[in-house]
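Engineer: Sharing entry.txt (compact mmCIF, C-alpha atoms and all ligand atoms) below.
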```txt
# COMPACT_ATOMS: atom_id res chain seq x y z
CA MET A 1 -4.40 21.40 -38.49
CA LEU A 2 -3.84 24.85 -37.06
CA GLU A 3 -1.84 27.03 -39.42
CA ALA A 4 -0.40 30.48 -38.95
CA ARG A 5 -1.43 33.12 -41.49
CA ALA A 6 0.37 32.76 -44.82
CA ALA A 7 2.16 36.09 -44.25
CA VAL A 8 3.53 34.79 -40.96
CA GLN A 9 4.60 31.49 -42.48
CA ARG A 10 6.55 33.44 -45.08
CA LEU A 11 8.38 35.49 -42.41
CA ARG A 12 12.00 34.72 -41.80
CA SER A 13 12.64 34.67 -38.05
CA TYR A 14 14.90 37.44 -36.87
CA HIS A 15 17.49 36.52 -34.25
CA PRO A 16 19.84 39.33 -33.32
CA PRO A 17 23.04 37.83 -31.85
CA LEU A 18 22.19 38.37 -28.18
CA ALA A 19 23.76 35.21 -26.76
CA GLY A 20 27.02 35.39 -24.82
CA ARG A 21 27.44 39.14 -24.97
CA GLN A 22 30.37 39.30 -22.55
CA GLY A 23 32.87 42.13 -22.72
CA LEU A 24 32.61 45.62 -24.15
CA ARG A 25 29.33 45.59 -26.06
CA LEU A 26 29.67 47.83 -29.11
CA ASP A 27 27.29 45.73 -31.19
CA PHE A 28 23.77 47.06 -30.47
CA ASN A 29 24.21 50.85 -30.31
CA GLU A 30 23.41 50.85 -26.61
CA ASN A 31 24.61 53.40 -24.08
CA THR A 32 27.94 51.90 -23.00
CA VAL A 33 27.85 53.22 -19.42
CA GLY A 34 24.18 52.76 -18.56
CA CYS A 35 21.38 55.01 -17.38
CA SER A 36 21.43 57.94 -14.98
CA PRO A 37 22.06 56.97 -11.33
CA ARG A 38 18.93 58.95 -10.47
CA VAL A 39 16.91 56.51 -12.59
CA LEU A 40 18.40 53.54 -10.75
CA ALA A 41 17.68 55.18 -7.39
CA ARG A 42 14.05 55.71 -8.41
CA MET A 43 13.80 52.09 -9.51
CA ARG A 44 15.08 50.88 -6.16
CA MET A 45 12.24 52.72 -4.44
CA LEU A 46 9.61 50.53 -6.10
CA ASP A 47 7.70 48.30 -3.75
CA ALA A 48 5.47 45.25 -4.11
CA GLU A 49 2.38 47.35 -4.45
CA ALA A 50 3.81 49.24 -7.42
CA LEU A 51 4.31 45.94 -9.21
CA ALA A 52 0.95 44.47 -8.17
CA ARG A 53 -0.97 47.18 -10.00
CA TYR A 54 -1.67 47.39 -13.70
CA PRO A 55 0.43 50.26 -15.03
CA ASP A 56 -1.21 53.61 -15.73
CA ARG A 57 0.40 55.13 -18.79
CA GLU A 58 -1.48 58.40 -18.99
CA PRO A 59 0.10 60.50 -16.20
CA VAL A 60 3.53 59.67 -17.60
CA GLU A 61 2.34 60.47 -21.12
CA ARG A 62 1.41 63.93 -19.87
CA GLU A 63 4.96 64.38 -18.51
CA VAL A 64 6.52 63.19 -21.75
CA ALA A 65 4.23 65.53 -23.68
CA ARG A 66 5.38 68.45 -21.53
CA PHE A 67 8.99 67.44 -22.05
CA LEU A 68 8.51 67.37 -25.83
CA GLY A 69 6.40 70.54 -25.90
CA LEU A 70 3.36 68.64 -27.17
CA ASP A 71 -0.15 67.73 -26.13
CA ALA A 72 -0.63 64.25 -24.62
CA ALA A 73 -3.20 63.45 -27.33
CA GLN A 74 -0.38 63.67 -29.88
CA LEU A 75 1.60 60.78 -28.43
CA LEU A 76 1.61 57.24 -27.18
CA LEU A 77 4.21 55.58 -25.00
CA THR A 78 5.23 52.24 -26.43
CA ASN A 79 7.20 49.13 -25.57
CA GLY A 80 10.19 50.54 -27.40
CA VAL A 81 10.14 51.90 -30.92
CA ASP A 82 9.76 48.29 -32.01
CA GLU A 83 6.21 48.30 -30.71
CA ALA A 84 5.53 51.68 -32.30
CA ILE A 85 6.49 50.22 -35.68
CA HIS A 86 4.29 47.19 -35.03
CA LEU A 87 1.33 49.40 -34.09
CA LEU A 88 1.70 51.57 -37.20
CA CYS A 89 1.77 48.47 -39.38
CA SER A 90 -1.36 47.10 -37.66
CA THR A 91 -3.14 50.43 -37.99
CA TYR A 92 -2.43 51.19 -41.63
CA LEU A 93 -1.43 48.09 -43.58
CA GLU A 94 -3.85 45.69 -45.23
CA ALA A 95 -2.59 42.56 -46.97
CA GLY A 96 -1.31 43.54 -50.42
CA ASP A 97 -0.57 47.16 -49.48
CA GLU A 98 2.89 48.50 -50.14
CA ALA A 99 5.42 49.64 -47.54
CA ILE A 100 8.45 51.57 -48.80
CA ILE A 101 11.77 51.35 -47.00
CA VAL A 102 15.20 52.69 -47.91
CA VAL A 103 17.80 49.96 -47.59
CA PRO A 104 19.98 49.18 -45.81
CA THR A 105 18.01 50.05 -42.70
CA PHE A 106 16.67 48.83 -39.38
CA ALA A 107 15.22 45.32 -39.77
CA MET A 108 11.94 45.74 -37.92
CA TYR A 109 10.15 47.86 -40.56
CA SER A 110 10.08 45.08 -43.10
CA LEU A 111 9.47 42.38 -40.49
CA PHE A 112 6.29 43.98 -39.10
CA ALA A 113 5.06 45.13 -42.53
CA HIS A 114 5.55 41.62 -43.92
CA ALA A 115 3.64 40.17 -40.97
CA GLU A 116 0.60 42.19 -42.07
CA GLY A 117 0.89 40.69 -45.55
CA ALA A 118 2.17 43.93 -47.10
CA GLN A 119 4.60 44.05 -50.01
CA ILE A 120 7.92 45.64 -49.19
CA VAL A 121 9.16 48.08 -51.79
CA GLU A 122 12.88 48.53 -51.23
CA VAL A 123 14.66 51.63 -52.47
CA ARG A 124 18.44 51.32 -52.44
CA GLY A 125 20.37 54.15 -50.85
CA GLY A 126 22.58 55.99 -53.34
CA ALA A 127 26.39 56.00 -53.53
CA ASP A 128 27.71 56.36 -49.97
CA PHE A 129 24.12 55.87 -48.80
CA VAL A 130 22.93 59.28 -49.93
CA PHE A 131 19.17 59.41 -49.44
CA PRO A 132 17.50 58.32 -52.72
CA THR A 133 14.81 61.02 -52.81
CA GLU A 134 13.87 60.83 -56.49
CA GLU A 135 13.88 57.03 -56.53
CA LEU A 136 11.66 56.92 -53.44
CA LEU A 137 9.21 59.49 -54.83
CA ALA A 138 8.99 57.43 -58.02
CA LYS A 139 8.00 54.32 -56.03
CA ILE A 140 4.99 55.92 -54.35
CA SER A 141 1.80 54.38 -55.71
CA GLU A 142 -1.84 54.38 -54.65
CA ARG A 143 -1.08 51.14 -52.78
CA THR A 144 1.66 52.77 -50.68
CA ARG A 145 0.37 52.92 -47.10
CA LEU A 146 3.58 53.10 -45.09
CA ILE A 147 6.99 54.68 -45.67
CA ALA A 148 9.59 54.11 -42.98
CA VAL A 149 12.73 56.22 -42.70
CA ALA A 150 15.25 56.02 -39.89
CA ASN A 151 16.81 59.45 -39.43
CA PRO A 152 19.71 59.10 -38.89
CA ASN A 153 19.68 55.69 -40.48
CA ASN A 154 20.94 52.50 -38.92
CA PRO A 155 23.41 51.02 -39.92
CA THR A 156 24.74 53.74 -42.24
CA GLY A 157 24.59 56.79 -39.96
CA ALA A 158 23.31 58.90 -42.88
CA ALA A 159 20.69 61.59 -42.27
CA VAL A 160 18.04 63.14 -44.48
CA SER A 161 16.83 66.74 -44.33
CA GLU A 162 13.44 67.74 -42.99
CA GLU A 163 12.56 69.37 -46.34
CA ILE A 164 12.91 66.00 -48.05
CA LEU A 165 10.83 64.28 -45.38
CA PHE A 166 8.05 66.85 -45.74
CA GLN A 167 8.26 66.48 -49.52
CA ILE A 168 7.76 62.70 -49.20
CA ALA A 169 4.85 63.13 -46.79
CA GLU A 170 3.17 65.55 -49.18
CA ALA A 171 3.71 63.24 -52.14
CA ALA A 172 2.00 60.37 -50.27
CA PRO A 173 -0.88 61.87 -48.26
CA HIS A 174 -2.60 58.44 -48.20
CA ALA A 175 0.43 56.83 -46.52
CA ALA A 176 1.84 56.97 -42.99
CA LEU A 177 5.41 58.29 -43.04
CA LEU A 178 7.31 56.97 -40.04
CA VAL A 179 10.36 59.05 -39.21
CA ASP A 180 12.30 57.00 -36.70
CA GLU A 181 14.41 59.36 -34.58
CA ALA A 182 15.90 56.64 -32.37
CA TYR A 183 19.30 58.39 -32.55
CA PHE A 184 18.00 61.95 -32.19
CA GLU A 185 20.21 62.86 -29.22
CA PHE A 186 23.35 62.22 -31.29
CA TYR A 187 22.02 64.13 -34.30
CA GLY A 188 20.09 67.10 -32.94
CA GLU A 189 17.54 67.69 -35.70
CA THR A 190 13.94 66.67 -35.28
CA LEU A 191 10.59 66.95 -37.01
CA LEU A 192 9.08 67.51 -33.58
CA SER A 193 10.13 71.13 -33.84
CA ARG A 194 7.27 71.42 -36.39
CA PRO A 195 4.42 69.44 -34.81
CA ALA A 196 1.77 71.30 -36.81
CA ARG A 197 3.14 69.82 -40.01
CA LEU A 198 2.92 66.19 -38.98
CA SER A 199 -0.51 65.32 -40.61
CA ASN A 200 0.47 61.90 -42.04
CA ILE A 201 3.91 61.85 -40.39
CA PHE A 202 4.71 59.88 -37.23
CA VAL A 203 7.90 60.53 -35.27
CA ALA A 204 9.30 57.78 -33.07
CA ARG A 205 11.79 58.28 -30.24
CA THR A 206 13.39 55.74 -27.94
CA PHE A 207 14.87 55.73 -24.46
CA SER A 208 17.00 52.71 -25.42
CA LYS A 209 19.96 54.61 -26.81
CA ALA A 210 21.15 57.89 -25.24
CA TYR A 211 19.10 57.26 -22.07
CA GLY A 212 20.60 53.80 -21.55
CA LEU A 213 17.25 52.10 -20.94
CA ALA A 214 17.12 49.47 -23.70
CA GLY A 215 16.32 46.78 -21.15
CA LEU A 216 13.24 48.64 -19.92
CA ARG A 217 11.65 48.76 -23.39
CA ILE A 218 10.26 52.25 -23.61
CA GLY A 219 9.74 54.57 -26.52
CA VAL A 220 7.24 57.08 -27.76
CA ILE A 221 5.41 57.73 -31.00
CA VAL A 222 4.08 61.15 -31.93
CA GLY A 223 1.55 61.97 -34.60
CA GLU A 224 -1.49 64.00 -35.52
CA VAL A 225 -4.23 63.72 -32.87
CA GLN A 226 -6.85 61.86 -34.91
CA GLN A 227 -4.30 59.45 -36.32
CA MET A 228 -2.95 58.79 -32.83
CA ALA A 229 -6.47 57.94 -31.66
CA MET A 230 -6.47 55.19 -34.31
CA VAL A 231 -3.02 53.92 -33.35
CA ARG A 232 -4.03 53.84 -29.68
CA ARG A 233 -6.95 51.53 -30.56
CA VAL A 234 -4.62 48.70 -31.50
CA ALA A 235 -2.34 49.12 -28.46
CA SER A 236 -2.80 47.26 -25.19
CA PRO A 237 -3.69 49.67 -22.37
CA TYR A 238 -0.81 48.04 -20.46
CA ASN A 239 1.78 47.97 -23.23
CA VAL A 240 4.38 49.79 -21.12
CA ASN A 241 5.46 48.17 -17.87
CA ALA A 242 5.20 49.75 -14.41
CA ILE A 243 8.96 49.97 -13.86
CA ALA A 244 9.51 51.90 -17.07
CA LEU A 245 6.62 54.24 -16.23
CA ALA A 246 7.93 54.81 -12.70
CA VAL A 247 11.43 55.79 -13.77
CA LEU A 248 10.83 57.62 -17.03
CA PRO A 249 9.95 60.97 -15.42
CA GLU A 250 13.22 60.84 -13.49
CA ALA A 251 15.12 60.04 -16.71
CA LEU A 252 13.51 63.08 -18.35
CA ARG A 253 14.32 65.33 -15.39
CA ASP A 254 18.00 64.37 -15.39
CA THR A 255 18.63 66.23 -18.65
CA ALA A 256 22.25 66.88 -17.69
CA TYR A 257 23.02 63.16 -17.72
CA VAL A 258 21.75 62.55 -21.24
CA GLU A 259 23.18 65.77 -22.64
CA HIS A 260 26.57 64.97 -21.16
CA TYR A 261 26.56 61.44 -22.57
CA ALA A 262 25.35 62.51 -26.02
CA ALA A 263 28.06 65.20 -26.18
CA GLU A 264 30.69 62.65 -25.17
CA VAL A 265 29.52 60.27 -27.90
CA ARG A 266 29.51 63.01 -30.55
CA ARG A 267 33.09 63.89 -29.61
CA ASN A 268 34.16 60.26 -29.64
CA ARG A 269 32.48 59.72 -32.99
CA ASP A 270 34.88 62.31 -34.44
CA VAL A 271 37.81 60.74 -32.62
CA LEU A 272 36.92 57.27 -33.92
CA GLN A 273 36.35 58.50 -37.47
CA GLN A 274 39.73 60.22 -37.48
CA GLU A 275 41.34 57.04 -36.24
CA LEU A 276 39.67 54.98 -38.96
CA SER A 277 41.04 57.38 -41.56
CA ALA A 278 44.49 57.11 -40.04
CA LEU A 279 44.23 53.32 -40.22
CA GLY A 280 43.33 53.54 -43.89
CA LEU A 281 39.82 52.17 -43.41
CA HIS A 282 36.89 53.64 -45.32
CA TYR A 283 33.96 54.67 -43.12
CA TRP A 284 30.71 56.48 -43.68
CA PRO A 285 30.42 59.71 -41.64
CA SER A 286 27.74 59.09 -39.05
CA ARG A 287 25.12 61.14 -37.21
CA GLY A 288 24.31 58.33 -34.78
CA ASN A 289 26.17 56.66 -31.90
CA PHE A 290 27.86 54.22 -34.28
CA VAL A 291 30.10 54.19 -37.32
CA LEU A 292 29.90 51.82 -40.28
CA VAL A 293 33.34 50.90 -41.54
CA ARG A 294 34.36 48.96 -44.65
CA VAL A 295 36.71 46.18 -43.66
CA GLY A 296 36.48 44.15 -46.88
CA PRO A 297 36.70 40.37 -47.22
CA ALA A 298 38.27 40.07 -43.74
CA HIS A 299 35.09 41.29 -42.02
CA GLU A 300 34.51 38.00 -40.18
CA ALA A 301 38.11 37.76 -38.98
CA PHE A 302 37.90 41.42 -37.91
CA VAL A 303 34.79 40.80 -35.77
CA ARG A 304 36.36 37.62 -34.34
CA SER A 305 39.66 39.33 -33.54
CA LEU A 306 37.89 42.14 -31.74
CA ARG A 307 35.84 39.59 -29.81
CA ASP A 308 39.08 37.84 -28.82
CA ARG A 309 40.13 41.19 -27.39
CA GLY A 310 36.87 41.46 -25.43
CA ILE A 311 34.98 43.80 -27.78
CA LEU A 312 31.73 42.95 -29.54
CA VAL A 313 30.90 44.72 -32.82
CA ARG A 314 28.29 43.95 -35.46
CA ASP A 315 29.02 42.43 -38.86
CA ARG A 316 26.70 44.13 -41.39
CA ASN A 317 28.13 42.33 -44.41
CA SER A 318 24.77 40.85 -45.41
CA ASP A 319 22.91 44.18 -45.44
CA PRO A 320 22.30 45.57 -48.95
CA GLY A 321 25.25 47.69 -50.07
CA CYS A 322 27.23 46.80 -46.92
CA GLU A 323 29.51 44.08 -48.27
CA GLY A 324 32.51 43.79 -45.98
CA ALA A 325 31.13 46.39 -43.56
CA VAL A 326 31.13 46.29 -39.78
CA ARG A 327 29.24 48.62 -37.41
CA LEU A 328 31.01 49.96 -34.32
CA THR A 329 29.01 51.55 -31.50
CA VAL A 330 30.51 54.76 -30.12
CA GLY A 331 30.45 55.10 -26.34
CA SER A 332 32.25 56.78 -23.49
CA ASP A 333 35.79 58.20 -23.65
CA ALA A 334 37.29 55.15 -21.96
CA HIS A 335 35.38 52.70 -24.14
CA THR A 336 36.38 54.54 -27.30
CA GLN A 337 40.03 54.47 -26.29
CA THR A 338 39.75 50.73 -25.60
CA LEU A 339 38.18 50.24 -29.03
CA ILE A 340 40.86 52.29 -30.77
CA ALA A 341 43.70 50.38 -29.12
CA ALA A 342 42.10 47.09 -30.19
CA LEU A 343 41.45 48.37 -33.73
CA ARG A 344 45.10 49.29 -34.15
CA SER A 345 46.25 45.85 -33.18
CA VAL A 346 43.58 44.03 -35.23
CA VAL A 347 44.33 46.09 -38.33
CA GLU A 348 48.00 45.29 -37.88
CA ASP A 349 47.42 41.57 -37.24
CA LEU A 350 45.12 41.14 -40.23
CA GLY A 351 47.24 43.26 -42.51
CA LEU A 352 44.22 45.42 -43.29
CA ARG A 353 46.04 48.66 -43.71
CA ARG A 354 48.02 47.29 -46.62
CA GLU A 355 45.01 45.59 -48.17
CA VAL A 356 42.96 48.80 -48.12
CA GLN A 357 45.73 50.91 -49.59
CA ALA A 358 46.59 48.39 -52.31
C1 LIG A 401 16.53 52.96 -36.19
C2 LIG A 401 16.14 52.20 -34.97
N1 LIG A 401 14.89 52.26 -34.52
C3 LIG A 401 14.52 51.61 -33.42
C4 LIG A 401 15.40 50.81 -32.71
C5 LIG A 401 14.91 50.05 -31.54
O1 LIG A 401 14.39 50.88 -30.57
P1 LIG A 401 13.71 50.32 -29.28
O2 LIG A 401 14.77 49.72 -28.43
O3 LIG A 401 13.07 51.52 -28.69
O4 LIG A 401 12.69 49.29 -29.71
C6 LIG A 401 16.71 50.70 -33.15
C7 LIG A 401 17.66 49.84 -32.40
O5 LIG A 401 18.69 49.48 -32.82
C8 LIG A 401 17.09 51.41 -34.30
O6 LIG A 401 18.32 51.32 -34.78
```
The structure given in the file should be rewritten as structure tokens.
Ligand SMILES: Cc1ncc(COP(=O)(O)O)c(C=O)c1O
Structural biologist:
Amino acid sequence: MLEARAAVQRLRSYHPPLAGRQGLRLDFNENTVGCSPRVLARMRMLDAEALARYPDREPVEREVARFLGLDAAQLLLTNGVDEAIHLLCSTYLEAGDEAIIVVPTFAMYSLFAHAEGAQIVEVRGGADFVFPTEELLAKISERTRLIAVANPNNPTGAAVSEEILFQIAEAAPHAALLVDEAYFEFYGETLLSRPARLSNIFVARTFSKAYGLAGLRIGVIVGEVQQMAMVRRVASPYNVNAIALAVLPEALRDTAYVEHYAAEVRRNRDVLQQELSALGLHYWPSRGNFVLVRVGPAHEAFVRSLRDRGILVRDRNSDPGCEGAVRLTVGSDAHTQTLIAALRSVVEDLGLRREVQA
């Protein structure tokens, strides 16, 4: 009988709650207003011939490289950061190797590392999700081949300094350090400002968040030239679709659109955090386009009540250290005001203000 590899049989399937996402979607950290109109206009210009051809990634890679101030040999466009993670795991992990992650974090690191038969070494974030530098350094062994850090982290919103990231990379020269900058536009700090220091570091960026292109599936991974040649070997030459390649240059050119949206989100993040304080809810200050808030035992009722008011948010209760926590995506001014009005009434209805203060 045909059997999947043992590592695959051991995998738990991962089903994000995508079904029935009607209403204001503040559950997946997407852009709440969508991509630049210039991107849509470019997409509408595509004809049958553009779709009949196999996509050619390289000219667009040169444009992305120019945009990032890099050489095209330092990067690879991918089918979202998800594929970048998958490719890194395929390139560097043998069965039995160790992959270190700091939990709670984005689910795909452990999923793809497990699929290769690697052991996941989890390091718990400190109190209030402070980055556990010493604990992580202590877990590095000769079997460590991958270390994945989301910066800022999802779902906590916590960030880690570039000095610490360089320290980790230096302590594990035999491992690939993935620094996932999916939320860069809402944070502002990047290791790409020091490309010469990447050696065993890979930086991933996505166009799913600030650019509003999650449905197109496009991201980019940057690394040292010889390492990227290895990563490229395991990628399909057609991993990125023709529509994404056709519109990405326009998305990059419309810098004003993304800058405007990112600034709006950063402002609204402050507004939302202040409101959470006023409501007596504990939250963790965030550097991303989302805020993790501690609701307590009523987390399910909280998510349900918001859904009844037409707003989807994400229950993170089962993530390590996130008991009773819910993640709220921050979006446009109007969407943030809608969220705040709903939060006030839900907190009132569920009696949360009193419960938190008690
Ligand atoms: C830290 C992090 N990395 C990557 C992704 C996914 O990126 P992409 O849509 O490019 O696959 C997410 C999405 O939530 C994320 O939170």
Engineer: List as a PyMOL selection string the protein and nucleic acid residues near Gln337 in chain A, meaning an atom at most 12 Å away when only C-alpha atoms are counted, but skip any in the same chain fewer than 2 places from it.
Structural biologist: chain A and resi 24+268-269+271-272+275+311+330-335+339-344
Engineer: Go ahead and fit an axis-aligned box to every listed atom of ligand LIG 401 (chain A) plus 3 Å each side, and pass me the centre and edge lengths in Å, one decimal, as lines of an AutoDock Vina configuration file.
Structural biologist:
```
center_x = 15.7
center_y = 51.1
center_z = -32.3
size_x = 12.0
size_y = 9.7
size_z = 13.8
```
Engineer: Find the residue from A:Ile221, A:Val160, A:Ala115, A:Ala256 that sits nearest to Arg12 in chain A; use only C-alpha atoms when measuring.
Structural biologist: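 The closest residue to Arg12 in chain A is A:Ala115.
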Engineer: With all atoms listed in the file as the atoms that count, which of A:Tyr238, A:Phe290, A:Tyr211, A:Trp284 lies nearest to Arg57 in chain A?
Structural biologist: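 When distances to Arg57 in chain A are compared using all atoms listed in the file, the smallest one comes from A:Tyr238.
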Engineer: Would you mind listing the residues within 7 Å of ligand LIG 401 (chain A), counting all atoms listed in the file, as a list in words?
Structural biologist: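 Those residues are Phe28, Asn29, Asn79, Gly80, Val81, Asp82, Glu83, Phe106, Ala150, Asn153, Asn154, Asp180, Glu181, Ala182, Thr206, Phe207, Ser208, Ala214, Arg217, Ile218 and Gly219 of chain A.
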Engineer: Would you work out the distance separating CA of Ile85 in chain A from CA of Ala229 in chain A, expressed in Å to one decimal?
Structural biologist: 15.6 Å
Engineer: For CA of Glu135 in chain A and CA of Ile100 in chain A, quote the distance in Å rounded to one decimal.
Structural biologist: 10.9 Å
Engineer: Smallest atom-to-atom distance to Ala244 in chain A: which of A:Leu213, A:Ala4, A:Val231, A:Leu306, using all atoms listed in the file?
Structural biologist: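 So, comparing all the options, the nearest one is A:Leu213.
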Engineer: Mind pulling up the distance from CA of Ser110 in chain A to CA of Ala6 in chain A?
Structural biologist: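 Computing the Euclidean distance for CA of Ala6 in chain A and CA of Ser110 in chain A yields 15.8 Å.
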Engineer: Any idea what's packed within 6 Å of range 325-329 of chain A, counting all atoms listed in the file, ignoring anything in its chain fewer than 2 positions away? Could you give it as a ChimeraX atom specification?
Structural biologist: /A:26,29,289-295,313-317,322-323
Engineer: Between range 175-228 of chain A and range 65-68 of chain A, at 12 Å or less, what are the per-residue closest atom pairs and their distances in Å? Count only C-alpha atoms, order by chain and rising residue number, and return it as a Markdown table.
Structural biologist:
```
| residue | atom | partner | partner_atom | distance |
| --- | --- | --- | --- | --- |
| A:Thr190 | CA | A:Leu68 | CA | 10.9 |
| A:Leu191 | CA | A:Leu68 | CA | 11.4 |
| A:Leu192 | CA | A:Leu68 | CA | 7.8 |
| A:Ser193 | CA | A:Leu68 | CA | 9.0 |
| A:Arg194 | CA | A:Leu68 | CA | 11.4 |
| A:Pro195 | CA | A:Leu68 | CA | 10.1 |
| A:Val203 | CA | A:Leu68 | CA | 11.7 |
| A:Arg205 | CA | A:Leu68 | CA | 10.6 |
| A:Val220 | CA | A:Ala65 | CA | 9.9 |
| A:Ile221 | CA | A:Ala65 | CA | 10.8 |
| A:Val222 | CA | A:Ala65 | CA | 9.3 |
| A:Gly223 | CA | A:Ala65 | CA | 11.8 |
```
Engineer: Nearest to Asn239 in chain A among A:Thr78, A:Thr338, A:Ser305, A:Gln226, with distances taken over all atoms listed in the file: which residue is it?
Structural biologist: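 For Asn239 in chain A, the nearest of the given residues is A:Thr78.
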Engineer: Could you check which of A:Ile168, A:Ala50, A:Leu137, A:Val234 is closest to Tyr92 in chain A, using only C-alpha atoms?
Structural biologist: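 For Tyr92 in chain A, the nearest of the candidates is A:Val234.
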Engineer: Which residues, written as a list in words, have at least one atom at most 10 Å from Leu88 in chain A, with all atoms listed in the file counted and residues fewer than 5 positions away on the same chain left out?
Structural biologist: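 Result of the neighbour search: Glu83, Leu93, Tyr109, Phe112, Ala113, Leu146, Ala176, Leu177, Leu178, Phe202, Ile221, Gln227, Met228, Met230, Val231, Arg232, Val234 and Ala235 of chain A.
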Engineer: Pick out the residues sitting within 10 Å of Asp128 in chain A, and hand them over as a list in words; count only C-alpha atoms, and ignore anything fewer than 6 positions along from it in its own chain.
Structural biologist: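 Final neighbour list, sorted by chain and number: Thr156, Ala158, Tyr283, Trp284, Pro285 and Gly321 of chain A.
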Engineer: Taking 4 positions as the minimum chain separation for residues in the same chain, which residues sit within 12 Å of range 139-144 of chain A when counting all atoms listed in the file? Answer as number ranges by chain.
Structural biologist: A: 92-102, 113, 118-124, 132-135, 148, 168-177
Engineer: Please determine, counting only C-alpha atoms, which residue among A:Gly310, A:Ser286, A:Arg353, A:Gln9 has the shortest atom-to-atom distance to Arg25 in chain A.
Structural biologist: A:Gly310
Engineer: Is there a way to complete range 31-43 of chain A with N, CA, C and O atoms and then write that out as an mmCIF file, in the coordinates of the input?
Structural biologist:
```cif
data_model
loop_
_atom_site.group_PDB
_atom_site.id
_atom_site.type_symbol
_atom_site.label_atom_id
_atom_site.label_comp_id
_atom_site.auth_asym_id
_atom_site.auth_seq_id
_atom_site.Cartn_x
_atom_site.Cartn_y
_atom_site.Cartn_z
ATOM 1 N N ASN A 31 23.796 52.514 -24.910
ATOM 2 C CA ASN A 31 24.610 53.400 -24.080
ATOM 3 C C ASN A 31 25.645 52.506 -23.399
ATOM 4 O O ASN A 31 25.277 51.497 -22.783
ATOM 5 N N THR A 32 26.930 52.828 -23.508
ATOM 6 C CA THR A 32 27.940 51.900 -23.000
ATOM 7 C C THR A 32 28.184 52.036 -21.495
ATOM 8 O O THR A 32 28.886 51.202 -20.921
ATOM 9 N N VAL A 33 27.635 53.080 -20.870
ATOM 10 C CA VAL A 33 27.850 53.220 -19.420
ATOM 11 C C VAL A 33 26.567 53.069 -18.613
ATOM 12 O O VAL A 33 26.602 53.014 -17.387
ATOM 13 N N GLY A 34 25.436 52.995 -19.286
ATOM 14 C CA GLY A 34 24.180 52.760 -18.560
ATOM 15 C C GLY A 34 23.437 54.048 -18.250
ATOM 16 O O GLY A 34 23.902 55.143 -18.565
ATOM 17 N N CYS A 35 22.295 53.870 -17.604
ATOM 18 C CA CYS A 35 21.380 55.010 -17.380
ATOM 19 C C CYS A 35 21.850 55.899 -16.244
ATOM 20 O O CYS A 35 22.796 55.575 -15.523
ATOM 21 N N SER A 36 21.140 56.988 -16.060
ATOM 22 C CA SER A 36 21.430 57.940 -14.980
ATOM 23 C C SER A 36 21.290 57.249 -13.614
ATOM 24 O O SER A 36 20.339 56.490 -13.391
ATOM 25 N N PRO A 37 22.192 57.530 -12.678
ATOM 26 C CA PRO A 37 22.060 56.970 -11.330
ATOM 27 C C PRO A 37 20.744 57.377 -10.670
ATOM 28 O O PRO A 37 20.207 56.644 -9.844
ATOM 29 N N ARG A 38 20.218 58.513 -11.048
ATOM 30 C CA ARG A 38 18.930 58.950 -10.470
ATOM 31 C C ARG A 38 17.810 57.996 -10.900
ATOM 32 O O ARG A 38 16.869 57.757 -10.148
ATOM 33 N N VAL A 39 17.919 57.471 -12.115
ATOM 34 C CA VAL A 39 16.910 56.510 -12.590
ATOM 35 C C VAL A 39 16.998 55.214 -11.776
ATOM 36 O O VAL A 39 15.979 54.668 -11.338
ATOM 37 N N LEU A 40 18.223 54.770 -11.543
ATOM 38 C CA LEU A 40 18.400 53.540 -10.750
ATOM 39 C C LEU A 40 17.874 53.737 -9.330
ATOM 40 O O LEU A 40 17.218 52.865 -8.767
ATOM 41 N N ALA A 41 18.152 54.908 -8.755
ATOM 42 C CA ALA A 41 17.680 55.180 -7.390
ATOM 43 C C ALA A 41 16.157 55.146 -7.347
ATOM 44 O O ALA A 41 15.556 54.584 -6.430
ATOM 45 N N ARG A 42 15.519 55.703 -8.366
ATOM 46 C CA ARG A 42 14.050 55.710 -8.410
ATOM 47 C C ARG A 42 13.532 54.274 -8.538
ATOM 48 O O ARG A 42 12.533 53.906 -7.899
ATOM 49 N N MET A 43 14.233 53.484 -9.319
ATOM 50 C CA MET A 43 13.800 52.090 -9.510
ATOM 51 C C MET A 43 13.875 51.318 -8.190
ATOM 52 O O MET A 43 13.014 50.512 -7.881
#
```
